[in-house]
$ cat upload38.cif   # mmCIF, C-alpha atoms
data_target
#
loop_
_atom_site.label_atom_id
_atom_site.label_comp_id
_atom_site.auth_asym_id
_atom_site.auth_seq_id
_atom_site.Cartn_x
_atom_site.Cartn_y
_atom_site.Cartn_z
CA MET A 15 0.00 0.00 0.00
CA ALA A 16 1.19 3.49 -0.86
CA ASN A 17 2.47 5.60 2.00
CA GLN A 18 1.04 8.93 3.11
CA LYS A 19 3.70 11.02 1.42
CA GLU A 20 3.07 9.50 -2.01
CA VAL A 21 -0.67 10.01 -1.79
CA ARG A 22 -0.24 13.58 -0.59
CA GLY A 23 2.00 14.28 -3.58
CA ARG A 24 -0.59 12.97 -5.99
CA ILE A 25 -3.32 15.04 -4.36
CA ALA A 26 -1.19 18.16 -4.73
CA SER A 27 -0.52 17.54 -8.43
CA ILE A 28 -4.17 16.86 -9.19
CA LYS A 29 -5.12 19.99 -7.33
CA ASN A 30 -2.84 21.90 -9.71
CA ILE A 31 -4.42 20.26 -12.74
CA ASN A 32 -7.80 21.23 -11.36
CA LYS A 33 -6.72 24.86 -11.01
CA ILE A 34 -5.24 25.03 -14.50
CA THR A 35 -8.20 23.44 -16.21
CA ARG A 36 -10.61 25.69 -14.31
CA ALA A 37 -8.63 28.73 -15.41
CA MET A 38 -8.59 27.56 -19.03
CA GLU A 39 -12.31 26.97 -18.86
CA MET A 40 -12.90 30.52 -17.67
CA VAL A 41 -10.61 32.07 -20.29
CA ALA A 42 -12.38 30.13 -23.03
CA ALA A 43 -15.79 31.16 -21.68
CA ALA A 44 -14.88 34.85 -21.65
CA ARG A 45 -13.50 34.75 -25.19
CA LEU A 46 -16.38 32.64 -26.44
CA ARG A 47 -18.79 35.47 -25.77
CA ARG A 48 -16.78 37.81 -27.99
CA SER A 49 -16.58 35.14 -30.68
CA GLU A 50 -20.35 34.76 -30.66
CA GLN A 51 -20.71 38.51 -31.06
CA ARG A 52 -18.41 38.46 -34.07
CA ILE A 53 -20.61 35.88 -35.79
CA ALA A 54 -23.62 38.11 -35.12
CA ALA A 55 -21.72 41.18 -36.40
CA LEU A 56 -21.18 39.61 -39.82
CA ARG A 57 -24.88 38.99 -40.41
CA PRO A 58 -25.98 42.55 -41.37
CA TYR A 59 -23.07 42.87 -43.81
CA ALA A 60 -23.79 39.51 -45.44
CA GLU A 61 -27.49 40.39 -45.68
CA GLY A 62 -26.67 43.77 -47.20
CA MET A 63 -24.45 42.14 -49.81
CA ARG A 64 -27.18 39.69 -50.69
CA LYS A 65 -29.76 42.45 -51.19
CA LEU A 66 -27.35 44.45 -53.30
CA THR A 67 -26.57 41.44 -55.49
CA ARG A 68 -30.23 40.60 -55.90
CA LEU A 69 -30.96 44.16 -57.02
CA ALA A 70 -28.14 44.19 -59.54
CA ALA A 71 -29.08 40.73 -60.80
CA GLU A 72 -32.66 41.86 -61.37
CA GLN A 73 -31.43 44.77 -63.41
CA ALA A 74 -28.99 42.73 -65.41
CA GLY A 75 -31.64 40.07 -66.05
CA GLY A 76 -29.96 37.28 -64.06
CA LEU A 77 -26.45 36.48 -62.99
CA PRO A 78 -23.79 36.94 -65.63
CA ARG A 79 -21.41 34.14 -66.56
CA VAL A 80 -18.51 34.59 -64.22
CA PRO A 81 -15.81 31.95 -63.75
CA VAL A 82 -16.61 31.28 -60.08
CA LEU A 83 -20.16 30.20 -60.97
CA ASP A 84 -19.06 27.98 -63.84
CA GLU A 85 -18.94 24.29 -63.21
CA HIS A 86 -15.90 22.59 -64.73
CA GLU A 87 -16.62 19.81 -67.19
CA GLN A 88 -14.04 17.42 -65.82
CA LEU A 89 -13.28 16.65 -62.24
CA ASN A 90 -9.54 16.12 -61.95
CA ARG A 91 -8.57 17.80 -58.76
CA VAL A 92 -10.56 18.79 -55.70
CA GLY A 93 -9.36 21.31 -53.14
CA VAL A 94 -10.39 20.64 -49.55
CA VAL A 95 -10.14 23.44 -47.03
CA LEU A 96 -9.92 22.18 -43.45
CA VAL A 97 -10.49 24.73 -40.72
CA THR A 98 -8.84 23.55 -37.50
CA GLY A 99 -7.34 25.37 -34.53
CA ASP A 100 -3.82 26.47 -33.70
CA ARG A 101 -4.01 24.81 -30.32
CA GLY A 102 -5.30 21.56 -28.90
CA LEU A 103 -6.94 20.79 -25.56
CA ALA A 104 -10.34 21.30 -27.13
CA GLY A 105 -11.86 17.84 -27.04
CA ALA A 106 -12.65 16.33 -30.43
CA PHE A 107 -12.71 19.74 -32.15
CA ASN A 108 -9.66 19.22 -34.36
CA THR A 109 -9.97 15.44 -34.77
CA ASN A 110 -13.50 15.63 -36.17
CA VAL A 111 -12.56 18.06 -38.93
CA ILE A 112 -9.46 16.07 -39.87
CA ARG A 113 -11.44 12.83 -39.97
CA GLU A 114 -14.07 14.40 -42.24
CA GLY A 115 -11.28 15.74 -44.46
CA VAL A 116 -9.84 12.25 -44.88
CA ARG A 117 -13.33 10.91 -45.60
CA VAL A 118 -13.82 13.53 -48.33
CA ARG A 119 -10.50 12.58 -49.85
CA ASP A 120 -11.47 8.91 -49.95
CA LYS A 121 -14.75 9.78 -51.60
CA VAL A 122 -13.06 12.04 -54.14
CA SER A 123 -10.53 9.38 -55.08
CA GLY A 124 -13.51 7.03 -55.56
CA GLU A 125 -14.70 9.47 -58.21
CA GLY A 126 -11.28 9.26 -59.82
CA ALA A 127 -9.96 12.68 -58.82
CA ASP A 128 -7.04 13.90 -56.73
CA THR A 129 -7.31 15.92 -53.55
CA THR A 130 -5.14 18.74 -52.35
CA PHE A 131 -5.59 20.25 -48.93
CA SER A 132 -5.52 23.83 -47.78
CA VAL A 133 -5.32 23.85 -44.03
CA VAL A 134 -6.13 26.54 -41.50
CA GLY A 135 -4.63 26.02 -38.04
CA ARG A 136 -1.43 24.43 -36.73
CA LYS A 137 -3.19 21.30 -35.47
CA GLY A 138 -4.55 20.44 -38.89
CA VAL A 139 -1.24 21.12 -40.59
CA SER A 140 0.69 18.82 -38.26
CA ALA A 141 -1.94 16.06 -38.39
CA LEU A 142 -2.04 16.04 -42.19
CA THR A 143 1.71 16.29 -42.57
CA PHE A 144 2.02 13.33 -40.20
CA ARG A 145 -0.35 11.34 -42.40
CA LYS A 146 1.74 12.38 -45.43
CA LEU A 147 -1.21 14.04 -47.14
CA ASP A 148 -0.73 16.75 -49.73
CA VAL A 149 -0.94 20.07 -47.89
CA ARG A 150 -0.68 22.71 -50.61
CA THR A 151 -1.17 25.82 -48.51
CA SER A 152 -1.40 26.38 -44.78
CA TYR A 153 -2.62 29.37 -42.83
CA VAL A 154 -1.72 29.61 -39.16
CA GLY A 155 -1.58 32.09 -36.32
CA PHE A 156 -5.06 33.59 -36.34
CA THR A 157 -7.58 30.85 -35.64
CA ASP A 158 -8.67 32.25 -32.28
CA ARG A 159 -9.34 35.69 -33.73
CA PRO A 160 -9.70 35.60 -37.51
CA ALA A 161 -9.85 38.91 -39.42
CA PHE A 162 -11.65 39.51 -42.68
CA ALA A 163 -8.25 40.01 -44.32
CA ASN A 164 -7.35 36.39 -43.42
CA ALA A 165 -10.49 35.17 -45.15
CA ARG A 166 -9.67 37.35 -48.15
CA GLU A 167 -6.22 35.80 -48.47
CA ILE A 168 -7.64 32.28 -48.38
CA GLY A 169 -10.62 33.08 -50.60
CA GLU A 170 -8.60 34.82 -53.29
CA GLU A 171 -6.00 32.08 -53.41
CA LEU A 172 -8.70 29.43 -53.91
CA THR A 173 -10.61 31.51 -56.44
CA ALA A 174 -7.46 32.09 -58.47
CA ARG A 175 -6.68 28.38 -58.53
CA TYR A 176 -10.26 27.56 -59.47
CA VAL A 177 -10.31 30.08 -62.28
CA GLU A 178 -6.97 28.81 -63.61
CA GLU A 179 -8.49 25.30 -63.54
CA ASP A 180 -5.87 24.04 -61.14
CA LEU A 181 -8.86 23.01 -59.00
CA ASP A 182 -12.18 21.77 -60.31
CA ARG A 183 -14.12 21.94 -57.09
CA VAL A 184 -13.45 23.31 -53.61
CA GLU A 185 -14.95 21.87 -50.44
CA LEU A 186 -14.90 23.70 -47.14
CA VAL A 187 -14.88 21.63 -43.93
CA TYR A 188 -15.27 23.30 -40.56
CA ASN A 189 -16.94 23.09 -37.16
CA ARG A 190 -20.23 24.90 -37.10
CA TYR A 191 -21.03 26.52 -33.80
CA VAL A 192 -24.35 25.51 -32.23
CA SER A 193 -23.73 25.99 -28.51
CA PRO A 194 -20.80 25.65 -26.13
CA LEU A 195 -21.75 21.98 -25.80
CA THR A 196 -22.48 21.25 -29.44
CA GLN A 197 -20.46 21.78 -32.60
CA HIS A 198 -21.20 20.04 -35.86
CA VAL A 199 -18.69 19.27 -38.55
CA TRP A 200 -20.02 20.95 -41.65
CA ARG A 201 -19.09 20.45 -45.27
CA GLN A 202 -19.94 23.00 -47.90
CA THR A 203 -19.10 23.30 -51.58
CA LEU A 204 -17.32 26.62 -51.88
CA LEU A 205 -16.55 26.56 -55.59
CA PRO A 206 -18.28 26.59 -57.96
CA LEU A 207 -20.48 29.04 -56.09
CA GLN A 208 -24.10 27.99 -56.01
CA GLN A 209 -26.62 30.44 -57.31
CA ALA A 210 -28.62 29.97 -54.10
CA ASP A 211 -25.58 30.95 -52.01
CA VAL A 212 -25.34 34.24 -53.83
CA ILE A 213 -28.92 35.42 -54.12
CA GLY A 214 -30.36 33.49 -51.21
CA GLU A 215 -33.47 31.38 -51.20
CA GLY A 216 -36.93 32.79 -50.57
CA ALA A 217 -37.64 36.45 -50.07
CA ALA A 218 -38.68 36.23 -46.42
CA ASP A 219 -35.66 38.17 -45.21
CA GLU A 220 -36.38 40.88 -47.72
CA ARG A 221 -39.20 42.61 -45.87
CA GLN A 222 -37.52 44.20 -42.92
CA GLY A 223 -37.85 47.77 -41.77
CA ALA A 224 -37.32 50.42 -44.36
CA GLU A 225 -36.17 48.07 -47.10
CA PRO A 226 -37.77 48.69 -50.48
CA THR A 227 -40.52 46.22 -51.29
CA GLU A 228 -40.44 44.53 -54.67
CA ALA A 229 -43.25 46.74 -55.93
CA GLU A 230 -41.33 49.84 -55.00
CA GLN A 231 -38.22 48.43 -56.62
CA ALA A 232 -40.09 47.68 -59.80
CA GLN A 233 -41.59 51.13 -59.87
CA SER A 234 -38.29 52.84 -59.48
CA ARG A 235 -36.25 50.41 -61.52
CA SER A 236 -35.87 52.71 -64.45
CA GLN A 237 -34.41 55.37 -62.18
CA TRP A 238 -31.59 53.32 -60.67
CA GLU A 239 -28.13 54.57 -61.39
CA TYR A 240 -25.17 52.21 -61.59
CA GLU A 241 -21.47 52.91 -61.25
CA PRO A 242 -20.18 50.87 -63.09
CA ASP A 243 -22.97 49.11 -65.05
CA PRO A 244 -24.85 46.20 -63.42
CA GLU A 245 -23.06 43.44 -65.34
CA GLU A 246 -19.65 44.64 -64.27
CA LEU A 247 -20.85 45.32 -60.76
CA LEU A 248 -22.04 41.71 -60.54
CA ALA A 249 -18.84 40.35 -62.00
CA ARG A 250 -17.07 41.94 -59.09
CA LEU A 251 -19.69 41.29 -56.41
CA ILE A 252 -20.07 37.57 -56.93
CA PRO A 253 -16.48 36.53 -56.11
CA GLU A 254 -16.93 38.38 -52.80
CA TYR A 255 -19.17 35.54 -51.66
CA VAL A 256 -16.20 33.20 -51.59
CA THR A 257 -14.48 35.47 -49.09
CA ILE A 258 -17.64 35.94 -47.04
CA SER A 259 -18.21 32.17 -46.88
CA VAL A 260 -14.63 31.58 -45.79
CA TYR A 261 -14.86 34.34 -43.19
CA ARG A 262 -18.06 32.86 -41.82
CA ALA A 263 -16.40 29.45 -41.59
CA LEU A 264 -13.41 30.97 -39.74
CA LEU A 265 -15.69 32.71 -37.25
CA GLU A 266 -17.85 29.63 -36.68
CA SER A 267 -14.75 27.56 -36.20
CA ALA A 268 -13.22 30.04 -33.74
CA ALA A 269 -16.38 30.00 -31.62
CA SER A 270 -16.57 26.21 -31.86
CA GLU A 271 -12.97 25.87 -30.75
CA LEU A 272 -13.55 27.99 -27.68
CA GLY A 273 -16.82 26.21 -26.91
CA ALA A 274 -15.17 22.82 -27.28
CA ARG A 275 -12.26 23.88 -25.11
CA MET A 276 -14.55 25.26 -22.45
CA THR A 277 -16.50 22.02 -22.31
CA ALA A 278 -13.39 19.83 -22.40
CA MET A 279 -11.75 21.84 -19.62
CA ARG A 280 -14.87 21.76 -17.48
CA ASN A 281 -14.95 17.97 -17.78
CA ALA A 282 -11.27 17.78 -16.94
CA ALA A 283 -11.72 19.98 -13.87
CA GLU A 284 -14.64 17.86 -12.72
CA ASN A 285 -12.63 14.68 -13.21
CA ALA A 286 -9.82 16.17 -11.18
CA GLU A 287 -12.24 16.90 -8.36
CA THR A 288 -13.51 13.32 -8.34
CA MET A 289 -9.94 12.04 -8.26
CA MET A 290 -9.10 14.39 -5.41
CA ASP A 291 -12.02 13.01 -3.39
CA ASP A 292 -10.94 9.43 -4.07
CA LEU A 293 -7.34 10.18 -3.16
CA THR A 294 -8.32 11.96 0.04
CA LEU A 295 -10.26 8.86 1.04
CA GLU A 296 -7.28 6.71 0.14
CA MET A 297 -5.00 8.93 2.15
CA ASN A 298 -7.19 8.71 5.24
CA ARG A 299 -7.18 4.95 4.92
CA VAL A 300 -3.39 4.86 4.64
CA ARG A 301 -2.99 7.16 7.62
CA GLN A 302 -5.40 5.04 9.69
CA ALA A 303 -3.50 1.91 8.73
CA GLU A 304 -0.21 3.46 9.78
CA ILE A 305 -1.64 4.52 13.16
CA THR A 306 -3.12 1.08 13.72
CA GLN A 307 0.22 -0.46 12.85
CA GLU A 308 2.02 1.77 15.30
CA ILE A 309 -0.42 1.02 18.11
CA LEU A 310 -0.06 -2.68 17.42
CA GLU A 311 3.71 -2.36 17.62
CA VAL A 312 3.53 -0.47 20.93
CA VAL A 313 1.10 -2.96 22.41
CA ALA A 314 3.15 -5.89 21.21
CA GLY A 315 6.28 -4.30 22.69
CA ALA A 316 4.58 -3.69 26.04
CA GLU A 317 3.29 -7.26 26.14
CA ALA A 318 6.76 -8.64 25.39
CA LEU A 319 8.22 -6.64 28.32
CA GLY A 320 5.42 -7.50 30.75
CA MET B 8 -30.92 64.73 -43.90
CA VAL B 9 -30.13 61.22 -45.11
CA ASP B 10 -30.01 57.97 -43.13
CA VAL B 11 -26.61 56.33 -43.31
CA GLU B 12 -25.52 52.86 -42.36
CA VAL B 13 -21.86 51.85 -42.58
CA LEU B 14 -21.37 48.08 -42.28
CA THR B 15 -18.21 46.00 -42.34
CA PRO B 16 -17.80 42.22 -41.94
CA GLU B 17 -16.59 42.93 -38.41
CA GLY B 18 -19.66 44.91 -37.44
CA GLU B 19 -21.59 48.12 -37.76
CA VAL B 20 -19.41 51.22 -37.75
CA PHE B 21 -21.90 54.02 -38.11
CA ASN B 22 -25.66 54.36 -38.12
CA GLY B 23 -27.42 57.71 -38.07
CA GLU B 24 -28.62 60.78 -39.92
CA VAL B 25 -26.19 63.00 -41.79
CA GLN B 26 -26.42 66.01 -44.08
CA GLN B 27 -24.08 64.66 -46.69
CA VAL B 28 -21.97 61.59 -47.46
CA SER B 29 -18.77 62.14 -49.42
CA THR B 30 -17.03 59.11 -50.86
CA ARG B 31 -15.52 57.79 -54.05
CA THR B 32 -16.92 55.27 -56.52
CA GLU B 33 -15.21 53.52 -59.42
CA VAL B 34 -16.32 56.46 -61.53
CA GLY B 35 -15.26 59.31 -59.27
CA GLU B 36 -15.96 61.42 -56.21
CA ILE B 37 -19.57 61.46 -55.16
CA GLY B 38 -21.68 63.36 -52.62
CA ILE B 39 -24.97 61.96 -51.39
CA LEU B 40 -27.51 64.50 -50.17
CA ALA B 41 -31.10 64.00 -49.07
CA ASN B 42 -33.40 62.42 -51.68
CA HIS B 43 -30.60 61.21 -53.90
CA ALA B 44 -31.69 59.05 -56.83
CA PRO B 45 -31.45 55.26 -56.26
CA LEU B 46 -27.87 54.16 -56.83
CA LEU B 47 -25.72 51.04 -56.76
CA ALA B 48 -22.01 51.64 -56.90
CA ALA B 49 -18.65 50.00 -56.32
CA LEU B 50 -16.49 52.04 -53.95
CA ARG B 51 -12.76 52.62 -54.00
CA PRO B 52 -10.46 53.29 -51.07
CA THR B 53 -10.64 56.90 -49.96
CA GLU B 54 -11.48 59.07 -47.01
CA LEU B 55 -15.17 58.64 -46.24
CA ARG B 56 -16.67 61.83 -44.83
CA LEU B 57 -20.02 61.89 -43.08
CA HIS B 58 -21.11 65.49 -42.58
CA LEU B 59 -23.30 65.44 -39.50
CA SER B 60 -23.82 69.20 -39.65
CA SER B 61 -22.07 72.10 -41.34
CA SER B 62 -19.43 72.10 -38.59
CA GLU B 63 -19.19 68.45 -37.58
CA THR B 64 -17.74 65.71 -39.76
CA VAL B 65 -16.97 62.07 -39.01
CA ARG B 66 -14.13 60.58 -41.05
CA TYR B 67 -13.13 57.00 -41.84
CA ALA B 68 -10.49 55.37 -43.94
CA GLN B 69 -12.62 53.40 -46.36
CA ALA B 70 -11.37 50.29 -48.17
CA HIS B 71 -13.07 48.76 -51.20
CA GLY B 72 -16.80 48.31 -50.89
CA TRP B 73 -20.29 48.87 -52.17
CA LEU B 74 -22.90 51.57 -51.89
CA GLN B 75 -26.64 51.30 -52.16
CA VAL B 76 -28.84 54.41 -52.01
CA PHE B 77 -32.58 54.02 -51.91
CA GLY B 78 -35.44 55.97 -50.38
CA ASN B 79 -33.30 58.56 -48.58
CA ARG B 80 -31.18 55.80 -47.11
CA ALA B 81 -27.55 55.09 -47.92
CA ARG B 82 -25.98 51.79 -47.03
CA LEU B 83 -22.23 51.41 -47.35
CA LEU B 84 -20.81 47.90 -47.26
CA LEU B 85 -17.08 48.26 -46.71
CA GLU B 86 -14.34 45.72 -46.29
CA GLU B 87 -12.84 48.06 -43.72
CA ALA B 88 -13.78 51.38 -42.17
CA ILE B 89 -11.11 52.61 -39.79
CA ALA B 90 -11.03 55.78 -37.75
CA PRO B 91 -8.08 57.90 -39.03
CA GLU B 92 -6.42 57.96 -35.60
CA ASP B 93 -6.32 54.15 -35.57
CA LEU B 94 -4.28 53.92 -38.75
CA ASP B 95 -0.72 52.65 -38.40
CA ALA B 96 1.41 54.58 -40.89
CA ALA B 97 4.48 52.37 -40.47
CA ALA B 98 2.51 49.17 -41.15
CA LEU B 99 0.81 50.81 -44.13
CA LYS B 100 4.16 51.81 -45.63
CA GLU B 101 5.29 48.21 -45.39
CA GLN B 102 2.08 47.00 -47.02
CA LEU B 103 2.50 49.54 -49.80
CA ALA B 104 6.08 48.47 -50.48
CA ASP B 105 5.01 44.83 -50.44
CA ALA B 106 2.14 45.47 -52.86
CA GLU B 107 4.41 47.41 -55.21
CA GLN B 108 6.92 44.62 -55.24
CA ARG B 109 4.22 42.09 -56.10
CA LEU B 110 3.02 44.42 -58.86
CA SER B 111 6.44 44.37 -60.46
CA GLU B 112 6.84 40.60 -60.06
CA ASN B 113 3.52 39.45 -61.44
CA GLU B 114 2.25 39.45 -64.95
CA LYS B 115 -0.28 42.11 -65.82
CA GLY B 116 -3.76 40.64 -66.02
CA SER B 117 -3.07 37.75 -63.62
CA ALA B 118 -5.06 37.26 -60.42
CA ASP B 119 -1.99 38.06 -58.32
CA PHE B 120 -1.50 41.29 -60.20
CA ALA B 121 -5.10 42.35 -59.61
CA ARG B 122 -4.76 41.49 -55.95
CA ALA B 123 -1.54 43.47 -55.62
CA GLN B 124 -3.15 46.42 -57.38
CA LYS B 125 -6.05 46.35 -54.94
CA ASP B 126 -3.71 46.19 -51.96
CA ARG B 127 -1.68 49.06 -53.34
CA ASP B 128 -4.73 51.27 -53.86
CA ARG B 129 -5.84 50.63 -50.31
CA ALA B 130 -2.42 51.24 -48.76
CA GLU B 131 -1.93 54.40 -50.80
CA ALA B 132 -5.30 55.87 -49.86
CA PHE B 133 -4.91 54.95 -46.19
CA LEU B 134 -1.42 56.43 -46.03
CA ALA B 135 -2.70 59.70 -47.44
CA ILE B 136 -5.32 59.79 -44.69
CA ALA B 137 -2.85 58.85 -41.97
CA GLY B 138 -0.77 61.75 -43.26
#

$ encode --input "upload38.cif" --output "C-alpha cells"
Amino acid sequence: MANQKEVRGRIASIKNINKITRAMEMVAAARLRRSEQRIAALRPYAEGMRKLTRLAAEQAGGLPRVPVLDEHEQLNRVGVVLVTGDRGLAGAFNTNVIREGVRVRDKVSGEGADTTFSVVGRKGVSALTFRKLDVRTSYVGFTDRPAFANAREIGEELTARYVEEDLDRVELVYNRYVSPLTQHVWRQTLLPLQQADVIGEGAADERQGAEPTEAEQAQSRSQWEYEPDPEELLARLIPEYVTISVYRALLESAASELGARMTAMRNAAENAETMMDDLTLEMNRVRQAEITQEILEVVAGAEALG
Amino acid sequence: MVDVEVLTPEGEVFNGEVQQVSTRTEVGEIGILANHAPLLAALRPTELRLHLSSSETVRYAQAHGWLQVFGNRARLLLEEAIAPEDLDAAALKEQLADAEQRLSENEKGSADFARAQKDRDRAEAFLAIAG
C-alpha cells in the first residue's frame, strides 16, 4: 500500500491540474462570448451584400457568366479546405474536422480525382503532414481571432486556382457553432459558387424595416443609377461571396474551438475533483493503517516486556 | 438629412442621420444628399466623410466596398472602415512596399496582379489619410 507522502504528492498535483483546467475553462468562456458577437456582427453585412446582389441581378436580367459560378466539365482535382485550430486541448474539435477531411478525400478518389488540402490552423497542418497528405497551402496564427483580411487571403487564393483550372471543385470543412456543448462538422461546396448561395433562397428576409418592397423596386427600376454598369458590378460582387463564406467558416470555427475547449476543460476539472475526493479517502485509509500499525507495535512491545 | 448605415464584416461602424456623405466610386468622387436618386455603386479606397452638420464631420479610412442608395437611405458595405487615428502609418508603408513589389513581379492581367493592385490602392489611400 502506498504511503502517506506519495498520496499527498498525488493530491497536490491533481489539485494543480484542477486549477489550471478551471482557469482555461474561464478564459475560453470569456473569449467565447466575444466570438459569438463576431458571428452576429457579420450577419448585417452579409445580408446587405445579398440584397445588393439581388438588385443588380434583377437589373442585369440574371447572374452573368462569371468563372466562379461555372462548373468545370471534368473533375480532376478537388481542393479541400480544413479549418482547425492552432491549439489543442479542445476535445474532439480538431480530430473531427481532420477525420471528415480524410473521408472527403477517400470519396473524391472514388470518383477518380485527386485531392489537395488547404489547411487553416497548426493542429490540422501537423496532423495532415504526419499522415503524409498533400498540404498545398497552410494558414496559421489567427484561428482564435480571424480577421476579414485572413479570409480574403484564403478566398482569393482558392478563387485564383479555381479560375486557372488548377482546381475543379473546392470543399470547405469546418466546425459549425451551435452551442458551447455542441459543434457540428459541416461540409460546404465553396466553388463553384451555387446560385442559391449568392442570391439566397426565398424572399422572407427581404421585408424588414425600411427596405424597399419589390413593388417599389419595380416602380423605381428605371431610375436606378449604376457605377459601373450592373453586369460589371455583378462580376465583381459575386467573387466576394467566396471570401464571405470563408470568413463565416473561420468565425464559426473560432467560436466552436472555444466552446469545445470550455466544455473539455470543465470535464477535466470535474474529473480532477472526483480524483481528489478518491485520493483523500485513500490517504485517510493509509494514515489510519499506519496509526493502527504503530499502536499494534507499541502494544506488542509492552506485552513482550510484561 | 439622409439615413446612413456603414457596415463591415466585423460589425456596424456608423448608423445615423447625416447632411451629406462624401465618398468615391469607381467612376469618381460622389456626394450623397437628401433624396438622392437610387444608386448602386462599387467604392474605391478613400477618405469617407459623413457630414453630421455644417461644422461636424466624421471621417473614416474606407477600403473597397459597395454603396446602395434608396429611399433617402444610404448603405455602405465596406471591407474596412477605420477611424483615421487608428491607422498605423508604419505598417501601411510596409504594405505599400510589399504590394508594389508584387506588382512588379507578377504578370499584368493575372489574379496576383489584380490582388496586388487592390492592396496598393488601399495602402496608398490609407497612407494619405494617416498623413

$ closest_residue --input "upload38.cif" --among "B:Gln26, B:Glu86, B:His58, B:Ile136" --to "B:His71" --atoms "only C-alpha atoms"
B:Glu86

$ resolve_selection --input "upload38.cif" --expression "the PyMOL selection byres ((chain A) within 10 of (chain B))" --output "PDB file with C-alpha atoms, in the frame of the given file"
ATOM      1  CA  GLN A  51     -20.710  38.510 -31.060  1.00  0.00           C
ATOM      2  CA  ARG A  52     -18.410  38.460 -34.070  1.00  0.00           C
ATOM      3  CA  ILE A  53     -20.610  35.880 -35.790  1.00  0.00           C
ATOM      4  CA  ALA A  54     -23.620  38.110 -35.120  1.00  0.00           C
ATOM      5  CA  ALA A  55     -21.720  41.180 -36.400  1.00  0.00           C
ATOM      6  CA  LEU A  56     -21.180  39.610 -39.820  1.00  0.00           C
ATOM      7  CA  ARG A  57     -24.880  38.990 -40.410  1.00  0.00           C
ATOM      8  CA  PRO A  58     -25.980  42.550 -41.370  1.00  0.00           C
ATOM      9  CA  TYR A  59     -23.070  42.870 -43.810  1.00  0.00           C
ATOM     10  CA  ALA A  60     -23.790  39.510 -45.440  1.00  0.00           C
ATOM     11  CA  GLY A  62     -26.670  43.770 -47.200  1.00  0.00           C
ATOM     12  CA  MET A  63     -24.450  42.140 -49.810  1.00  0.00           C
ATOM     13  CA  LYS A  65     -29.760  42.450 -51.190  1.00  0.00           C
ATOM     14  CA  LEU A  66     -27.350  44.450 -53.300  1.00  0.00           C
ATOM     15  CA  THR A  67     -26.570  41.440 -55.490  1.00  0.00           C
ATOM     16  CA  LEU A  69     -30.960  44.160 -57.020  1.00  0.00           C
ATOM     17  CA  ALA A  70     -28.140  44.190 -59.540  1.00  0.00           C
ATOM     18  CA  ALA A 161      -9.850  38.910 -39.420  1.00  0.00           C
ATOM     19  CA  PHE A 162     -11.650  39.510 -42.680  1.00  0.00           C
ATOM     20  CA  ALA A 163      -8.250  40.010 -44.320  1.00  0.00           C
ATOM     21  CA  ARG A 166      -9.670  37.350 -48.150  1.00  0.00           C
ATOM     22  CA  GLU A 167      -6.220  35.800 -48.470  1.00  0.00           C
ATOM     23  CA  GLU A 170      -8.600  34.820 -53.290  1.00  0.00           C
ATOM     24  CA  GLU A 171      -6.000  32.080 -53.410  1.00  0.00           C
ATOM     25  CA  THR A 173     -10.610  31.510 -56.440  1.00  0.00           C
ATOM     26  CA  ALA A 174      -7.460  32.090 -58.470  1.00  0.00           C
ATOM     27  CA  ARG A 175      -6.680  28.380 -58.530  1.00  0.00           C
ATOM     28  CA  VAL A 177     -10.310  30.080 -62.280  1.00  0.00           C
ATOM     29  CA  GLU A 178      -6.970  28.810 -63.610  1.00  0.00           C
ATOM     30  CA  ALA A 224     -37.320  50.420 -44.360  1.00  0.00           C
ATOM     31  CA  GLU A 225     -36.170  48.070 -47.100  1.00  0.00           C
ATOM     32  CA  PRO A 226     -37.770  48.690 -50.480  1.00  0.00           C
ATOM     33  CA  GLU A 230     -41.330  49.840 -55.000  1.00  0.00           C
ATOM     34  CA  GLN A 231     -38.220  48.430 -56.620  1.00  0.00           C
ATOM     35  CA  SER A 234     -38.290  52.840 -59.480  1.00  0.00           C
ATOM     36  CA  ARG A 235     -36.250  50.410 -61.520  1.00  0.00           C
ATOM     37  CA  SER A 236     -35.870  52.710 -64.450  1.00  0.00           C
ATOM     38  CA  GLN A 237     -34.410  55.370 -62.180  1.00  0.00           C
ATOM     39  CA  TRP A 238     -31.590  53.320 -60.670  1.00  0.00           C
ATOM     40  CA  GLU A 239     -28.130  54.570 -61.390  1.00  0.00           C
ATOM     41  CA  TYR A 240     -25.170  52.210 -61.590  1.00  0.00           C
ATOM     42  CA  GLU A 241     -21.470  52.910 -61.250  1.00  0.00           C
ATOM     43  CA  PRO A 242     -20.180  50.870 -63.090  1.00  0.00           C
ATOM     44  CA  ASP A 243     -22.970  49.110 -65.050  1.00  0.00           C
ATOM     45  CA  PRO A 244     -24.850  46.200 -63.420  1.00  0.00           C
ATOM     46  CA  GLU A 246     -19.650  44.640 -64.270  1.00  0.00           C
ATOM     47  CA  LEU A 247     -20.850  45.320 -60.760  1.00  0.00           C
ATOM     48  CA  LEU A 248     -22.040  41.710 -60.540  1.00  0.00           C
ATOM     49  CA  ARG A 250     -17.070  41.940 -59.090  1.00  0.00           C
ATOM     50  CA  LEU A 251     -19.690  41.290 -56.410  1.00  0.00           C
ATOM     51  CA  ILE A 258     -17.640  35.940 -47.040  1.00  0.00           C
ATOM     52  CA  TYR A 261     -14.860  34.340 -43.190  1.00  0.00           C
ATOM     53  CA  ARG A 262     -18.060  32.860 -41.820  1.00  0.00           C
TER      54      ARG A 262
END

$ closest_residue --input "upload38.cif" --among "B:Glu24, B:Ser29, B:Glu92, B:Met8" --to "B:Ala137" --atoms "only C-alpha atoms"
B:Glu92

$ resolve_selection --input "upload38.cif" --expression "the PyMOL selection byres ((chain B and resi 54) around 12)" --output "VMD selection string"
chain B and resid 28 to 32 36 to 37 50 to 53 55 to 57 64 to 71 87 to 91 129 131 to 138

$ atom_distance --input "upload38.cif" --atom1 "atom CA of A:Ser270" --atom2 "atom CA of A:Asn108"
10.1 Å

$ resolve_selection --input "upload38.cif" --expression "the PyMOL selection byres ((chain A and resi 198) around 9)" --output "CSV table (one decimal) with C-alpha atoms, keeping the file's coordinate frame"
chain,number,residue,atom,x,y,z
A,110,ASN,CA,-13.5,15.6,-36.2
A,188,TYR,CA,-15.3,23.3,-40.6
A,189,ASN,CA,-16.9,23.1,-37.2
A,190,ARG,CA,-20.2,24.9,-37.1
A,191,TYR,CA,-21.0,26.5,-33.8
A,192,VAL,CA,-24.4,25.5,-32.2
A,196,THR,CA,-22.5,21.2,-29.4
A,197,GLN,CA,-20.5,21.8,-32.6
A,199,VAL,CA,-18.7,19.3,-38.6
A,200,TRP,CA,-20.0,21.0,-41.6
A,270,SER,CA,-16.6,26.2,-31.9
